[in-house]
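Following: one structure in structure tokens, then a few remarks.
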Amino acid sequence: MGQENQSNWLIKENPYLYNMRKEFVDILIIGAGPSGSVAASIAHRSGLKVKIVEKNLFPRFVIGESLLPKCMADLKEAGFMDILEAQNYQKKFGARFIRNDQNCLFDFSEQYTDGWSWTWQVPRADFDQVLAKEVEKMGVSVSYESTLTDISFEGSTSVSTIQEKDGASYQIEAKFVIDSSGWGRVLPRLLDLDKPISSPPRKAIFAHFTDNLRPKGDAGNQITFVIHKQDLWTWIIPFSNGLTSVGFVGNIAHFENFEGSPDERIKQMIDDVPQMKERFTGQEIKLDAMEISAYAASAKQLYGPGFAITGNSSEFIDPVFSSGVTFATHSGLLAAKLAIKTLNGEDVNWEDDFKNHILQGVETFRTYVDSWYDGTLQDIFFYTSETAKDNPTNATMKKQICSVLAGYVWDETNPFVKKHKKAVSSLARVIKMF
Ligand code: FAD
């Protein structure tokens, strides 16, 4: 159906839309987070007319401040490396885990998979604005304070209704839509694609603190995970601006022991934990504490005629391994590449090359998240670290696990990826015998 006939059909179906302003694009992207910006850059470079609609005015805060090395290749391919290098974000070379007096470091330069051995720890309001501005500089139209409220499809062509800040609406007709709307989860909601979550709902409370007692050198700048109980842990993510993000995550019941405003409660939680108290009691909160719960998300479909769903809008499991932004950039990049091919009339296997590919990574991380919360992965981390020095087999396993933590969950030569469930449960069984 030609563009004009499409429009006639929609106007016939929705006569009240007759007088509405209408734009035409090849690819419409919902949301200017990392997923949307990467998708926009890739699609724009292929010569297509691309537009992003973004509900908020930037800078806006989103949680998700520790990246994984795997996302660096996506950011580079999307053309963001120079502008990101110029921001001097805190470099992240690994991740440290602490449980009582046990301490283990996964160093990304000692991993199994070839790839990036470092990444960044980023204040997201700033990071996301840098990416979105860069995309605008490339020539992509980004409309802020513009919320997609409705969409209808005729075949693979869609007409979306966009509401602007002043309440006025207009339409965008697109040959393809990439939904990168994060927790907005626009297409899963509008197309009834939400999938129920089976894992128990968890909660997080977080804030940015001054960090005047930050230890000097690498140790002070490292992301650190402090495990308090099997299902209660803290992240400490130092930034290059001197502030540090602190967040508690766990079973909702743990949070019921604290009272007052979110700022008061996160301070009480810090005072409750010796490793946290020493560094953060008395520090000033610079970004007010926020809470989020039941954040896991899943969709029944990740693509359909004329659309693909990326980043958090599609799947999100848990914050523990900092995988969210990496899935966001990777799925955004892939969706844009496949959309370009689709619009060029090429045969595209969306089932294998998009859905199954993304879900393979998601399922790999799910094994690690599940075994983190049942405690077995924590045992694996500390055991392999303590024994790696004297035991070459354990040293190899530590490298293979390190690659998963670096985000290389598509490297099927890694047994801790290829047979993730079996590898993790077998190792946990062996460790229990010691
Ligand atoms: P977002 O960055 O959320 O961007 C989506 C954009 O879409 C937003 O700007 C929004 O305004 C816009 N939007 C929404 N609805 C509409 C609409 N109707 N119309 C137009 N625009 C719309 N990930 C990590 O990698 N590292 C971490 O350390 C980490 N920590 C986390 C901690 C917690 C407690 C939680 C819950 C998550 C964490 N994550 C982390 C996950 C991370 O937050 C997300 O995976 C990541 O932000 C997803 O990026 P995105 O581009 O898909 O969506």
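Residues in the structure tokens are named by chain (A, B, ... in the order shown) and by number from 1 within that chain; ligands are numbered from 1 in the order shown.
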
Return as a PyMOL selection string the full set of residues in region 188-433 of chain A whose backbone-based DSSP assignment is helix (DSSP H, G or I). chain A and resi 188-190+218-221+252-257+262-271+274-280+311-313+324-343+350-373+376-388+392-405+415-418+420-432

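Near region 402-409 of chain A, within 8 Å and counting only C-alpha atoms, sit Leu68, Pro69, Lys70, Cys71, Phe106, Asp107, Phe108, Glu110, Gln111, Tyr112, Thr113, Ser117, Phe321, Ser323, Thr326, Gln360, Gly361, Thr364, Phe365, Phe416 and Val417 of chain A; same-chain residues fewer than 6 positions away were not included.
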
Residue nearest Leu187 (chain A) among A:Ile151, A:Ala43, A:Leu333, A:Val50 (counting only C-alpha atoms):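 Answer, going by the shortest atom-to-atom distance: A:Ile151.
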
Give me, as number ranges by chain, the residues of region 252-400 of chain A that a backbone DSSP run labels strand (DSSP E). A: 285-293, 303-304, 307-309

Around ligand 1, out to 7 Å and counting only C-alpha atoms and all ligand atoms, which residues are there? I want them as a ChimeraX atom specification. /A:30-36,53-56,62-68,146-149,180-186,204,249,292,295,310-313,316,318-319,322-328

Could you give me, as number ranges by chain, the residues within 9 Å of Glu315 (chain A), counting only C-alpha atoms and dropping anything in the same chain fewer than 6 positions from it? A: 296-299, 302, 324, 327, 359, 362

Write out the residues from the selection above, keeping N, CA, C and O atoms, as a compact mmCIF listing (two decimals), in the first residue's frame.
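Output file selection-v9.txt is given in full below:
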```txt
# COMPACT_ATOMS: atom_id res chain seq x y z
N ALA A 296 11.42 -5.92 37.41
CA ALA A 296 11.67 -6.91 36.35
C ALA A 296 10.56 -6.80 35.30
O ALA A 296 9.41 -6.51 35.63
N ALA A 297 10.94 -7.00 34.03
CA ALA A 297 9.96 -6.85 32.94
C ALA A 297 10.24 -7.86 31.85
O ALA A 297 11.39 -8.25 31.64
N SER A 298 9.18 -8.26 31.17
CA SER A 298 9.35 -9.21 30.07
C SER A 298 8.23 -8.98 29.06
O SER A 298 7.16 -8.49 29.42
N ALA A 299 8.50 -9.32 27.82
CA ALA A 299 7.49 -9.12 26.77
C ALA A 299 7.23 -10.44 26.05
O ALA A 299 8.13 -11.25 25.88
N LEU A 302 9.19 -9.78 20.92
CA LEU A 302 10.20 -8.71 20.84
C LEU A 302 10.17 -8.00 19.49
O LEU A 302 10.88 -7.03 19.29
N GLY A 324 21.87 -4.01 32.26
CA GLY A 324 20.76 -3.32 31.59
C GLY A 324 21.17 -2.45 30.42
O GLY A 324 20.61 -2.56 29.32
N PHE A 327 22.40 -4.55 27.45
CA PHE A 327 21.29 -5.10 26.65
C PHE A 327 20.63 -4.01 25.84
O PHE A 327 20.18 -4.23 24.72
N LEU A 359 17.37 -13.23 23.63
CA LEU A 359 16.93 -14.07 24.75
C LEU A 359 18.03 -15.01 25.23
O LEU A 359 18.09 -15.37 26.41
N VAL A 362 19.81 -12.95 27.65
CA VAL A 362 18.95 -12.74 28.83
C VAL A 362 18.94 -14.00 29.70
O VAL A 362 19.10 -13.93 30.92
```
